[in-house]
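The file entry.cif contains mmCIF, C-alpha atoms:
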data_protein
#
loop_
_atom_site.group_PDB
_atom_site.id
_atom_site.type_symbol
_atom_site.label_atom_id
_atom_site.label_comp_id
_atom_site.auth_asym_id
_atom_site.auth_seq_id
_atom_site.Cartn_x
_atom_site.Cartn_y
_atom_site.Cartn_z
ATOM 1 C CA MET A 35 0.000 0.000 0.000
ATOM 2 C CA SER A 36 1.492 3.324 -1.022
ATOM 3 C CA SER A 37 1.522 6.295 1.323
ATOM 4 C CA ILE A 38 -1.108 9.014 1.286
ATOM 5 C CA GLU A 39 1.444 11.383 -0.303
ATOM 6 C CA GLU A 40 2.105 8.994 -3.143
ATOM 7 C CA ARG A 41 -1.561 8.312 -3.765
ATOM 8 C CA VAL A 42 -2.452 12.021 -3.808
ATOM 9 C CA LYS A 43 0.428 12.850 -6.153
ATOM 10 C CA LYS A 44 -0.522 10.035 -8.509
ATOM 11 C CA ILE A 45 -4.123 11.275 -8.725
ATOM 12 C CA VAL A 46 -3.052 14.881 -9.263
ATOM 13 C CA ALA A 47 -0.701 13.813 -12.050
ATOM 14 C CA GLU A 48 -3.364 11.685 -13.718
ATOM 15 C CA GLN A 49 -6.148 14.193 -13.378
ATOM 16 C CA LEU A 50 -4.209 17.241 -14.534
ATOM 17 C CA GLY A 51 -2.153 15.417 -17.128
ATOM 18 C CA VAL A 52 1.216 16.424 -15.678
ATOM 19 C CA LYS A 53 4.319 14.388 -14.810
ATOM 20 C CA GLU A 54 4.543 13.065 -11.255
ATOM 21 C CA GLU A 55 7.851 14.851 -10.700
ATOM 22 C CA GLU A 56 6.109 18.182 -11.354
ATOM 23 C CA VAL A 57 3.660 17.459 -8.548
ATOM 24 C CA LYS A 58 5.708 19.052 -5.772
ATOM 25 C CA PRO A 59 4.102 19.608 -2.351
ATOM 26 C CA GLU A 60 4.034 23.385 -2.706
ATOM 27 C CA ALA A 61 2.644 23.273 -6.256
ATOM 28 C CA SER A 62 -0.620 25.151 -6.758
ATOM 29 C CA PHE A 63 -3.132 23.313 -8.930
ATOM 30 C CA VAL A 64 -4.181 26.416 -10.812
ATOM 31 C CA GLU A 65 -1.001 28.494 -10.938
ATOM 32 C CA ASP A 66 1.671 25.815 -11.273
ATOM 33 C CA LEU A 67 -0.108 22.823 -12.721
ATOM 34 C CA GLY A 68 -2.441 24.634 -15.132
ATOM 35 C CA ALA A 69 -5.759 23.445 -13.720
ATOM 36 C CA ASP A 70 -8.964 25.244 -14.675
ATOM 37 C CA SER A 71 -12.081 25.374 -12.488
ATOM 38 C CA LEU A 72 -13.493 22.179 -13.959
ATOM 39 C CA ASP A 73 -10.156 20.401 -13.399
ATOM 40 C CA THR A 74 -10.189 21.331 -9.715
ATOM 41 C CA VAL A 75 -13.740 20.011 -9.286
ATOM 42 C CA GLU A 76 -12.792 16.771 -11.011
ATOM 43 C CA LEU A 77 -9.648 16.511 -8.926
ATOM 44 C CA VAL A 78 -11.585 16.763 -5.685
ATOM 45 C CA MET A 79 -14.026 14.144 -6.959
ATOM 46 C CA ALA A 80 -11.136 11.848 -7.833
ATOM 47 C CA LEU A 81 -9.685 12.295 -4.340
ATOM 48 C CA GLU A 82 -13.090 11.531 -2.825
ATOM 49 C CA GLU A 83 -13.243 8.340 -4.847
ATOM 50 C CA GLU A 84 -9.696 7.216 -4.036
ATOM 51 C CA PHE A 85 -10.043 7.820 -0.309
ATOM 52 C CA GLU A 86 -13.718 6.875 -0.079
ATOM 53 C CA THR A 87 -14.723 10.084 1.596
ATOM 54 C CA GLU A 88 -16.827 13.137 0.919
ATOM 55 C CA ILE A 89 -15.131 16.522 0.918
ATOM 56 C CA PRO A 90 -17.635 19.332 1.613
ATOM 57 C CA ASP A 91 -17.596 22.217 -0.896
ATOM 58 C CA GLU A 92 -16.364 24.753 1.653
ATOM 59 C CA GLU A 93 -13.387 22.501 2.470
ATOM 60 C CA ALA A 94 -12.754 21.635 -1.172
ATOM 61 C CA GLU A 95 -12.339 25.329 -1.987
ATOM 62 C CA LYS A 96 -9.429 25.573 0.420
ATOM 63 C CA ILE A 97 -7.523 22.679 -1.134
ATOM 64 C CA THR A 98 -5.442 24.652 -3.610
ATOM 65 C CA THR A 99 -2.047 22.944 -3.418
ATOM 66 C CA VAL A 100 -0.730 19.397 -3.343
ATOM 67 C CA GLN A 101 0.320 19.743 0.308
ATOM 68 C CA LEU A 102 -3.091 21.056 1.353
ATOM 69 C CA ALA A 103 -4.683 18.018 -0.284
ATOM 70 C CA ILE A 104 -2.332 15.674 1.530
ATOM 71 C CA ASP A 105 -2.966 17.471 4.835
ATOM 72 C CA TYR A 106 -6.708 17.335 4.392
ATOM 73 C CA ILE A 107 -6.712 13.621 3.684
ATOM 74 C CA LYS A 108 -4.398 12.912 6.612
ATOM 75 C CA GLU A 109 -6.453 14.963 9.068
ATOM 76 C CA ASN A 110 -9.779 13.602 7.986
ATOM 77 C CA LEU A 111 -8.901 9.986 7.423
ATOM 78 C CA GLY A 112 -6.078 9.661 9.915
ATOM 79 C CA MET B 167 -12.334 11.420 -42.717
ATOM 80 C CA THR B 168 -15.550 9.482 -42.845
ATOM 81 C CA LEU B 169 -17.787 10.048 -39.875
ATOM 82 C CA THR B 170 -20.117 7.380 -38.760
ATOM 83 C CA THR B 171 -23.585 7.422 -37.281
ATOM 84 C CA SER B 172 -22.931 4.049 -35.649
ATOM 85 C CA LEU B 173 -23.331 3.926 -31.882
ATOM 86 C CA GLN B 174 -21.631 0.574 -31.460
ATOM 87 C CA ASP B 175 -20.176 0.017 -27.967
ATOM 88 C CA LYS B 176 -22.008 3.022 -26.502
ATOM 89 C CA VAL B 177 -24.387 2.850 -23.579
ATOM 90 C CA ALA B 178 -27.361 5.192 -23.879
ATOM 91 C CA LEU B 179 -29.870 6.229 -21.245
ATOM 92 C CA VAL B 180 -33.238 7.457 -22.527
ATOM 93 C CA THR B 181 -35.771 8.697 -19.987
ATOM 94 C CA GLY B 182 -39.470 8.329 -20.716
ATOM 95 C CA ALA B 183 -38.932 5.594 -23.286
ATOM 96 C CA SER B 184 -42.151 3.586 -22.982
ATOM 97 C CA ARG B 185 -44.044 5.473 -25.674
ATOM 98 C CA GLY B 186 -44.102 8.395 -28.066
ATOM 99 C CA ILE B 187 -40.932 10.234 -28.988
ATOM 100 C CA GLY B 188 -38.878 8.568 -26.233
ATOM 101 C CA ALA B 189 -39.749 5.092 -27.496
ATOM 102 C CA ALA B 190 -38.715 6.030 -31.024
ATOM 103 C CA ILE B 191 -35.455 7.537 -29.765
ATOM 104 C CA ALA B 192 -34.589 4.444 -27.738
ATOM 105 C CA ASP B 193 -35.333 2.148 -30.669
ATOM 106 C CA THR B 194 -33.360 4.263 -33.139
ATOM 107 C CA LEU B 195 -30.274 4.483 -30.905
ATOM 108 C CA GLY B 196 -30.566 0.718 -30.424
ATOM 109 C CA ALA B 197 -30.874 0.110 -34.143
ATOM 110 C CA GLN B 198 -27.635 2.053 -34.616
ATOM 111 C CA GLY B 199 -25.839 -0.290 -32.273
ATOM 112 C CA ALA B 200 -26.079 1.331 -28.840
ATOM 113 C CA THR B 201 -26.944 -0.609 -25.726
ATOM 114 C CA VAL B 202 -30.026 1.256 -24.560
ATOM 115 C CA ILE B 203 -31.529 1.668 -21.129
ATOM 116 C CA GLY B 204 -35.027 2.996 -21.525
ATOM 117 C CA THR B 205 -36.828 4.196 -18.439
ATOM 118 C CA ALA B 206 -40.471 4.429 -17.473
ATOM 119 C CA THR B 207 -42.191 5.532 -14.296
ATOM 120 C CA SER B 208 -43.939 2.192 -13.769
ATOM 121 C CA GLU B 209 -42.927 -1.461 -13.672
ATOM 122 C CA SER B 210 -45.372 -2.226 -16.488
ATOM 123 C CA GLY B 211 -43.878 0.569 -18.591
ATOM 124 C CA ALA B 212 -40.380 -0.830 -18.037
ATOM 125 C CA GLU B 213 -41.567 -4.307 -19.036
ATOM 126 C CA LYS B 214 -43.112 -2.868 -22.173
ATOM 127 C CA ILE B 215 -39.765 -1.324 -23.119
ATOM 128 C CA ALA B 216 -37.934 -4.583 -22.458
ATOM 129 C CA ALA B 217 -40.427 -6.524 -24.586
ATOM 130 C CA ARG B 218 -40.046 -4.016 -27.431
ATOM 131 C CA PHE B 219 -36.239 -4.248 -27.271
ATOM 132 C CA ASP B 220 -36.487 -8.055 -27.344
ATOM 133 C CA GLU B 221 -38.713 -7.992 -30.352
ATOM 134 C CA LYS B 222 -36.439 -5.597 -32.235
ATOM 135 C CA GLY B 223 -33.194 -7.267 -31.173
ATOM 136 C CA ILE B 224 -31.959 -4.224 -29.265
ATOM 137 C CA ALA B 225 -29.407 -4.734 -26.515
ATOM 138 C CA GLY B 226 -30.203 -3.144 -23.173
ATOM 139 C CA ALA B 227 -33.043 -3.023 -20.702
ATOM 140 C CA GLY B 228 -36.242 -1.361 -19.598
ATOM 141 C CA LYS B 229 -35.946 0.093 -16.106
ATOM 142 C CA VAL B 230 -38.094 1.988 -13.654
ATOM 143 C CA LEU B 231 -37.081 5.573 -12.962
ATOM 144 C CA ASP B 232 -38.875 8.423 -11.270
ATOM 145 C CA VAL B 233 -36.846 11.383 -12.573
ATOM 146 C CA THR B 234 -38.053 13.531 -9.677
ATOM 147 C CA SER B 235 -36.436 11.227 -7.102
ATOM 148 C CA ALA B 236 -32.708 11.367 -6.383
ATOM 149 C CA ASP B 237 -32.917 7.947 -4.699
ATOM 150 C CA SER B 238 -34.626 6.343 -7.664
ATOM 151 C CA LEU B 239 -31.946 7.813 -9.940
ATOM 152 C CA GLU B 240 -29.097 6.583 -7.790
ATOM 153 C CA ALA B 241 -30.517 3.063 -7.694
ATOM 154 C CA LEU B 242 -30.996 3.046 -11.453
ATOM 155 C CA LEU B 243 -27.478 4.243 -12.253
ATOM 156 C CA GLU B 244 -25.954 1.748 -9.875
ATOM 157 C CA SER B 245 -27.696 -1.157 -11.561
ATOM 158 C CA VAL B 246 -27.008 0.162 -15.071
ATOM 159 C CA LYS B 247 -23.297 0.650 -14.352
ATOM 160 C CA SER B 248 -22.847 -2.839 -12.961
ATOM 161 C CA GLU B 249 -24.851 -4.482 -15.753
ATOM 162 C CA PHE B 250 -23.831 -2.467 -18.813
ATOM 163 C CA GLY B 251 -21.280 0.187 -17.850
ATOM 164 C CA ALA B 252 -21.788 3.931 -17.369
ATOM 165 C CA PRO B 253 -23.969 5.647 -19.980
ATOM 166 C CA THR B 254 -22.124 8.193 -22.124
ATOM 167 C CA ILE B 255 -25.223 9.088 -24.127
ATOM 168 C CA LEU B 256 -28.076 10.662 -22.200
ATOM 169 C CA VAL B 257 -31.384 11.680 -23.720
ATOM 170 C CA ASN B 258 -33.477 13.740 -21.329
ATOM 171 C CA ASN B 259 -36.851 13.021 -22.814
ATOM 172 C CA ALA B 260 -39.233 12.349 -19.924
ATOM 173 C CA GLY B 261 -41.816 15.092 -19.694
ATOM 174 C CA ILE B 262 -45.347 15.896 -18.678
ATOM 175 C CA THR B 263 -47.940 18.573 -19.364
ATOM 176 C CA LYS B 264 -50.428 20.122 -16.951
ATOM 177 C CA ASP B 265 -52.027 22.749 -19.128
ATOM 178 C CA ASN B 266 -54.041 25.585 -17.728
ATOM 179 C CA LEU B 267 -54.490 29.290 -18.221
ATOM 180 C CA LEU B 268 -52.125 31.009 -15.868
ATOM 181 C CA MET B 269 -54.920 32.749 -14.011
ATOM 182 C CA ARG B 270 -56.246 29.327 -13.089
ATOM 183 C CA MET B 271 -52.952 27.468 -12.775
ATOM 184 C CA LYS B 272 -52.433 25.932 -9.365
ATOM 185 C CA GLU B 273 -49.098 25.977 -7.622
ATOM 186 C CA GLU B 274 -49.009 22.175 -7.929
ATOM 187 C CA GLU B 275 -49.557 22.289 -11.699
ATOM 188 C CA TRP B 276 -46.675 24.701 -12.028
ATOM 189 C CA ALA B 277 -44.322 22.928 -9.641
ATOM 190 C CA SER B 278 -44.792 19.365 -10.872
ATOM 191 C CA VAL B 279 -44.113 20.336 -14.500
ATOM 192 C CA ILE B 280 -40.981 22.257 -13.469
ATOM 193 C CA GLU B 281 -39.829 19.320 -11.367
ATOM 194 C CA THR B 282 -40.292 16.644 -14.047
ATOM 195 C CA ASN B 283 -39.334 18.618 -17.148
ATOM 196 C CA LEU B 284 -36.589 20.911 -15.874
ATOM 197 C CA SER B 285 -35.194 19.948 -12.465
ATOM 198 C CA ALA B 286 -34.925 16.334 -13.579
ATOM 199 C CA VAL B 287 -32.704 17.426 -16.475
ATOM 200 C CA TYR B 288 -30.357 19.016 -13.951
ATOM 201 C CA ARG B 289 -30.472 15.905 -11.757
ATOM 202 C CA VAL B 290 -29.954 13.206 -14.380
ATOM 203 C CA SER B 291 -27.368 15.183 -16.368
ATOM 204 C CA LYS B 292 -25.318 15.854 -13.258
ATOM 205 C CA ALA B 293 -25.418 12.209 -12.246
ATOM 206 C CA CYS B 294 -24.189 11.035 -15.657
ATOM 207 C CA LEU B 295 -21.638 13.786 -16.267
ATOM 208 C CA ARG B 296 -18.790 12.444 -14.214
ATOM 209 C CA ASP B 297 -18.458 9.226 -16.165
ATOM 210 C CA MET B 298 -18.682 11.134 -19.421
ATOM 211 C CA ALA B 299 -15.871 13.433 -18.241
ATOM 212 C CA LYS B 300 -13.783 10.397 -17.339
ATOM 213 C CA ALA B 301 -14.430 8.867 -20.728
ATOM 214 C CA ARG B 302 -13.564 12.217 -22.380
ATOM 215 C CA TRP B 303 -16.634 11.604 -24.517
ATOM 216 C CA GLY B 304 -20.288 12.242 -23.904
ATOM 217 C CA ARG B 305 -23.561 13.275 -25.478
ATOM 218 C CA ILE B 306 -26.469 14.912 -23.741
ATOM 219 C CA VAL B 307 -29.588 15.648 -25.756
ATOM 220 C CA ASN B 308 -32.543 17.408 -24.152
ATOM 221 C CA ILE B 309 -35.926 17.054 -25.742
ATOM 222 C CA SER B 310 -37.580 20.452 -25.723
ATOM 223 C CA SER B 311 -40.576 21.655 -27.718
ATOM 224 C CA VAL B 312 -41.435 24.279 -30.308
ATOM 225 C CA VAL B 313 -43.624 25.729 -27.569
ATOM 226 C CA GLY B 314 -40.480 26.717 -25.672
ATOM 227 C CA SER B 315 -39.679 29.183 -28.475
ATOM 228 C CA MET B 316 -43.138 30.106 -29.781
ATOM 229 C CA GLY B 317 -45.132 30.097 -26.583
ATOM 230 C CA ASN B 318 -48.603 28.614 -26.380
ATOM 231 C CA ALA B 319 -51.644 29.783 -24.442
ATOM 232 C CA GLY B 320 -52.349 27.417 -21.570
ATOM 233 C CA GLN B 321 -48.810 26.071 -21.426
ATOM 234 C CA SER B 322 -46.851 28.701 -19.510
ATOM 235 C CA ASN B 323 -45.455 26.039 -17.165
ATOM 236 C CA TYR B 324 -44.549 23.607 -19.941
ATOM 237 C CA ALA B 325 -43.109 26.338 -22.200
ATOM 238 C CA ALA B 326 -40.976 27.704 -19.353
ATOM 239 C CA THR B 327 -39.386 24.284 -18.836
ATOM 240 C CA LYS B 328 -38.854 23.740 -22.553
ATOM 241 C CA ALA B 329 -37.123 27.101 -22.964
ATOM 242 C CA GLY B 330 -35.259 26.311 -19.748
ATOM 243 C CA VAL B 331 -33.665 23.091 -20.969
ATOM 244 C CA ALA B 332 -32.300 24.893 -24.026
ATOM 245 C CA GLY B 333 -30.591 27.518 -21.862
ATOM 246 C CA PHE B 334 -29.353 24.757 -19.601
ATOM 247 C CA ALA B 335 -27.858 22.969 -22.604
ATOM 248 C CA ARG B 336 -26.033 26.085 -23.806
ATOM 249 C CA SER B 337 -24.489 26.692 -20.387
ATOM 250 C CA LEU B 338 -23.514 23.094 -19.780
ATOM 251 C CA ALA B 339 -22.081 22.877 -23.301
ATOM 252 C CA ALA B 340 -19.743 25.739 -22.380
ATOM 253 C CA GLU B 341 -18.760 24.024 -19.130
ATOM 254 C CA VAL B 342 -17.895 20.579 -20.412
ATOM 255 C CA GLY B 343 -16.829 21.098 -24.011
ATOM 256 C CA SER B 344 -13.203 20.629 -22.990
ATOM 257 C CA ARG B 345 -14.075 17.069 -21.959
ATOM 258 C CA GLY B 346 -15.394 16.064 -25.358
ATOM 259 C CA ILE B 347 -18.983 16.258 -24.181
ATOM 260 C CA THR B 348 -21.636 17.904 -26.343
ATOM 261 C CA VAL B 349 -24.959 19.152 -25.002
ATOM 262 C CA ASN B 350 -27.788 19.932 -27.376
ATOM 263 C CA THR B 351 -31.521 20.418 -27.516
ATOM 264 C CA VAL B 352 -33.994 19.044 -30.008
ATOM 265 C CA ALA B 353 -37.270 20.938 -30.192
ATOM 266 C CA PRO B 354 -40.053 18.931 -31.813
ATOM 267 C CA GLY B 355 -43.116 20.581 -33.271
ATOM 268 C CA PHE B 356 -46.417 18.688 -33.450
ATOM 269 C CA ILE B 357 -45.625 15.025 -33.439
ATOM 270 C CA ASP B 358 -48.143 12.238 -33.642
ATOM 271 C CA THR B 359 -48.055 10.922 -30.046
ATOM 272 C CA ASP B 360 -50.395 10.368 -27.108
ATOM 273 C CA MET B 361 -49.481 13.863 -25.911
ATOM 274 C CA THR B 362 -50.905 15.491 -29.045
ATOM 275 C CA LYS B 363 -53.771 13.002 -29.555
ATOM 276 C CA VAL B 364 -55.631 14.704 -26.717
ATOM 277 C CA LEU B 365 -55.842 17.964 -28.673
ATOM 278 C CA PRO B 366 -59.373 18.802 -29.861
ATOM 279 C CA GLU B 367 -59.975 18.164 -33.584
ATOM 280 C CA GLU B 368 -60.524 21.866 -34.176
ATOM 281 C CA GLN B 369 -57.147 22.757 -32.717
ATOM 282 C CA ARG B 370 -55.436 20.031 -34.757
ATOM 283 C CA GLU B 371 -56.959 21.394 -37.971
ATOM 284 C CA ALA B 372 -55.853 24.920 -37.127
ATOM 285 C CA LEU B 373 -52.343 23.707 -36.376
ATOM 286 C CA MET B 374 -52.093 21.754 -39.594
ATOM 287 C CA GLY B 375 -52.768 24.954 -41.535
ATOM 288 C CA LYS B 376 -49.673 26.480 -39.973
ATOM 289 C CA ILE B 377 -47.333 23.642 -40.888
ATOM 290 C CA PRO B 378 -45.787 24.102 -44.352
ATOM 291 C CA LEU B 379 -45.197 20.356 -44.659
ATOM 292 C CA GLY B 380 -48.922 19.902 -44.011
ATOM 293 C CA ARG B 381 -48.765 16.988 -41.585
ATOM 294 C CA LEU B 382 -47.815 16.023 -38.064
ATOM 295 C CA GLY B 383 -44.321 14.690 -37.598
ATOM 296 C CA ALA B 384 -43.572 11.048 -36.825
ATOM 297 C CA PRO B 385 -41.685 10.210 -33.616
ATOM 298 C CA GLU B 386 -38.993 8.588 -35.780
ATOM 299 C CA GLU B 387 -38.331 11.958 -37.412
ATOM 300 C CA ILE B 388 -37.276 13.311 -34.026
ATOM 301 C CA ALA B 389 -35.352 10.160 -33.186
ATOM 302 C CA SER B 390 -33.200 10.394 -36.316
ATOM 303 C CA VAL B 391 -32.036 13.893 -35.337
ATOM 304 C CA VAL B 392 -31.225 12.744 -31.802
ATOM 305 C CA ALA B 393 -29.302 9.774 -33.179
ATOM 306 C CA PHE B 394 -27.266 12.092 -35.404
ATOM 307 C CA LEU B 395 -26.363 14.326 -32.450
ATOM 308 C CA ALA B 396 -25.445 11.270 -30.386
ATOM 309 C CA SER B 397 -23.079 9.922 -33.021
ATOM 310 C CA ASP B 398 -19.613 10.954 -34.132
ATOM 311 C CA ALA B 399 -21.221 12.500 -37.207
ATOM 312 C CA GLY B 400 -22.792 15.151 -34.950
ATOM 313 C CA GLY B 401 -19.645 15.662 -32.914
ATOM 314 C CA TYR B 402 -19.067 19.343 -33.707
ATOM 315 C CA VAL B 403 -22.590 20.446 -32.836
ATOM 316 C CA THR B 404 -22.923 21.699 -29.270
ATOM 317 C CA GLY B 405 -25.062 24.134 -27.305
ATOM 318 C CA GLU B 406 -27.487 24.169 -30.206
ATOM 319 C CA THR B 407 -31.260 23.886 -30.397
ATOM 320 C CA ILE B 408 -32.432 22.007 -33.459
ATOM 321 C CA HIS B 409 -36.038 22.659 -34.431
ATOM 322 C CA VAL B 410 -37.829 19.752 -36.073
ATOM 323 C CA ASN B 411 -41.323 20.954 -36.814
ATOM 324 C CA GLY B 412 -42.215 20.752 -40.501
ATOM 325 C CA GLY B 413 -41.625 24.483 -40.835
ATOM 326 C CA MET B 414 -44.320 25.661 -38.412
ATOM 327 C CA TYR B 415 -41.709 27.705 -36.581
ATOM 328 C CA MET B 416 -38.543 28.745 -38.348
ATOM 329 C CA ALA B 417 -35.925 30.086 -35.994
#
Rewrite the coordinates I just gave you, this time as structure tokens.
Amino acid sequence: MSSIEERVKKIVAEQLGVKEEEVKPEASFVEDLGADSLDTVELVMALEEEFETEIPDEEAEKITTVQLAIDYIKENLG
Amino acid sequence: MTLTTSLQDKVALVTGASRGIGAAIADTLGAQGATVIGTATSESGAEKIAARFDEKGIAGAGKVLDVTSADSLEALLESVKSEFGAPTILVNNAGITKDNLLMRMKEEEWASVIETNLSAVYRVSKACLRDMAKARWGRIVNISSVVGSMGNAGQSNYAATKAGVAGFARSLAAEVGSRGITVNTVAPGFIDTDMTKVLPEEQREALMGKIPLGRLGAPEEIASVVAFLASDAGGYVTGETIHVNGGMYMA
């Protein structure tokens, strides 16, 4: 079983069509990885599916970087 | 490049497929190779669809769906996905009328038409969209009505929903175009179905005089346009409303 970090990075890379090495913790989905608004919605949905959880809209809005996604998953699934 | 109208290997969901235009759409998509799930509000309606598919050699199933119920929709999609795979063609056809002059129209007559004809389009489209986005291919076709553009006395509720689905289609088309999903509206004129059979003879005569082609349309003549939009041949058409009405309203 891969770590939460690895799983999040893999999903981000797949969903946004970027290389895994570009998915650095501090990378912003929109500014660094070129996501548009639809991409970010799809990304959150993909994370929900992978981690079998539901991320409320008001929380989802705050998840703007790779690290924030990892933190959210860790805190809420820990 | 030769574009095909074949729907081989596609799964299509058609709401309100037990009779009228919906039945013709389901059968036509099936005849072009799609696996079709046709829905009806009752068990007997679903069985009727299944029997028709059997008879015509169409792959798929007849299922019960109440488009106004999120639970009913969830149950349907779960069973469809496990049996056939996620639908990437959706035809929002289910609709009702509750005609009345506005001054007499009850809140219930307004609300139930909005719920079935408009809110359900939101609900079912949203539920199917994710799998279309994943597939990077999808087709949504809303069945509207000429009344949505022309207006018709006694149908303010129905006309509002039919204009509504066209605006919905244009907005959604803009949202999901980047995922290879097209969203269009087909607006039938007077088509020979149970819905128009109830019109008084007098009104039918008057209508006929306004139709340059001089006849009611056949359900299959709507179905063929839907099938085109659903296929690769219609792949560059999105956000559009296609009027199919024998010329009675030319937009």
Need the shell around Asp91 of chain A: protein/DNA/RNA residues with any atom at most 12 Å away, counting all atoms listed in the file. Skip same-chain ones fewer than 2 positions apart. Format as a ChimeraX atom specification? /A:74-75,78-79,82,88-89,93-97
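If you apply the PyMOL selection byres ((chain B) within 10 of (chain A)) to this structure, you end up with Arg296, Ala299, Lys300, Glu341, Val342, Ser344 and Arg345 of chain B.
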Output of the PyMOL selection byres ((chain B and resi 173) around 9), listed as number ranges by chain: B: 170-172, 174-177, 195-201, 393, 396-398
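Minimum atom-to-atom distance to Thr98 of chain A, evaluated using only C-alpha atoms, belongs to A:Val64 out of A:Val64, A:Leu111, A:Leu77, A:Ile38.
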Segment 317-326 of chain B: axis-aligned bounding box, 5 Å on each side, centre and edge lengths in Å, one decimal, as lines of an AutoDock Vina configuration file:
center_x = -46.7
center_y = 26.9
center_z = -21.9
size_x = 21.4
size_y = 16.5
size_z = 19.4
If we count all atoms listed in the file, what is near Thr205 of chain B at a cut-off of 9 Å, once residues fewer than 5 positions away on the same chain are taken out, given as a PDB file with C-alpha atoms, in the coordinates of the input?
ATOM      1  CA  LEU B 179     -29.870   6.229 -21.245  1.00  0.00           C
ATOM      2  CA  VAL B 180     -33.238   7.457 -22.527  1.00  0.00           C
ATOM      3  CA  THR B 181     -35.771   8.697 -19.987  1.00  0.00           C
ATOM      4  CA  GLY B 182     -39.470   8.329 -20.716  1.00  0.00           C
ATOM      5  CA  ALA B 183     -38.932   5.594 -23.286  1.00  0.00           C
ATOM      6  CA  SER B 184     -42.151   3.586 -22.982  1.00  0.00           C
ATOM      7  CA  GLY B 211     -43.878   0.569 -18.591  1.00  0.00           C
ATOM      8  CA  ALA B 212     -40.380  -0.830 -18.037  1.00  0.00           C
ATOM      9  CA  ILE B 215     -39.765  -1.324 -23.119  1.00  0.00           C
ATOM     10  CA  ALA B 227     -33.043  -3.023 -20.702  1.00  0.00           C
ATOM     11  CA  GLY B 228     -36.242  -1.361 -19.598  1.00  0.00           C
ATOM     12  CA  LYS B 229     -35.946   0.093 -16.106  1.00  0.00           C
ATOM     13  CA  VAL B 230     -38.094   1.988 -13.654  1.00  0.00           C
ATOM     14  CA  LEU B 231     -37.081   5.573 -12.962  1.00  0.00           C
ATOM     15  CA  ASP B 232     -38.875   8.423 -11.270  1.00  0.00           C
ATOM     16  CA  ALA B 260     -39.233  12.349 -19.924  1.00  0.00           C
TER      17      ALA B 260
END
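Protein, DNA and RNA residues at most 12 Å from (7.9, 18.6, -11.6), with all atoms listed in the file, are these: Lys43, Val46, Ala47, Gly51, Val52, Lys53, Glu54, Glu55, Glu56, Val57, Lys58, Pro59, Glu60, Ala61, Ser62, Asp66, Leu67 and Val100 of chain A.
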Residues from the last selection, C-alpha atoms, saved as a CSV table (one decimal), keeping the file's coordinate frame:
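Printed below is part-v2.csv as written:
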chain,number,residue,atom,x,y,z
A,43,LYS,CA,0.4,12.8,-6.2
A,46,VAL,CA,-3.1,14.9,-9.3
A,47,ALA,CA,-0.7,13.8,-12.0
A,51,GLY,CA,-2.2,15.4,-17.1
A,52,VAL,CA,1.2,16.4,-15.7
A,53,LYS,CA,4.3,14.4,-14.8
A,54,GLU,CA,4.5,13.1,-11.3
A,55,GLU,CA,7.9,14.9,-10.7
A,56,GLU,CA,6.1,18.2,-11.4
A,57,VAL,CA,3.7,17.5,-8.5
A,58,LYS,CA,5.7,19.1,-5.8
A,59,PRO,CA,4.1,19.6,-2.4
A,60,GLU,CA,4.0,23.4,-2.7
A,61,ALA,CA,2.6,23.3,-6.3
A,62,SER,CA,-0.6,25.2,-6.8
A,66,ASP,CA,1.7,25.8,-11.3
A,67,LEU,CA,-0.1,22.8,-12.7
A,100,VAL,CA,-0.7,19.4,-3.3
For a cut-off of 8 Å around (-21.5, 6.9, -18.8), file coordinates, pick out all residues using all atoms listed in the file and list them as a PyMOL selection string. chain B and resi 177-178+247+251-255+294-298+301+304
Would you mind listing what lies within 12 Å of Asn411 of chain B as a ChimeraX atom specification, with all atoms listed in the file counted and same-chain residues fewer than 4 positions away left out? /B:310-313,315-316,352-358,373-374,376-385,387-388,391,415-417
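Atom CA of Ala335 of chain B sits 14.6 Å away from atom CA of Tyr402 of chain B.
If you measure from each of A:Phe63, A:Ile107, A:Glu92, A:Glu86 to Ser37 of chain A using only C-alpha atoms, the closest one turns out to be A:Ile107.
Atom to atom, atom CA of Ala217 of chain B and atom CA of Ile262 of chain B stand 23.7 Å apart.
Among the candidate residues B:Thr327, B:Tyr288, B:Val410, B:Gly226, the one lying nearest to Asp193 of chain B is B:Gly226, with distances computed using all atoms listed in the file.
Of the residues listed (A:Gly68, A:Lys108, A:Pro90, A:Ala103), A:Gly68 shows the shortest atom-to-atom separation from Leu50 of chain A; distances use only C-alpha atoms.
What separates atom CA of Pro366 of chain B from atom CA of Met269 of chain B is a distance of 21.6 Å.
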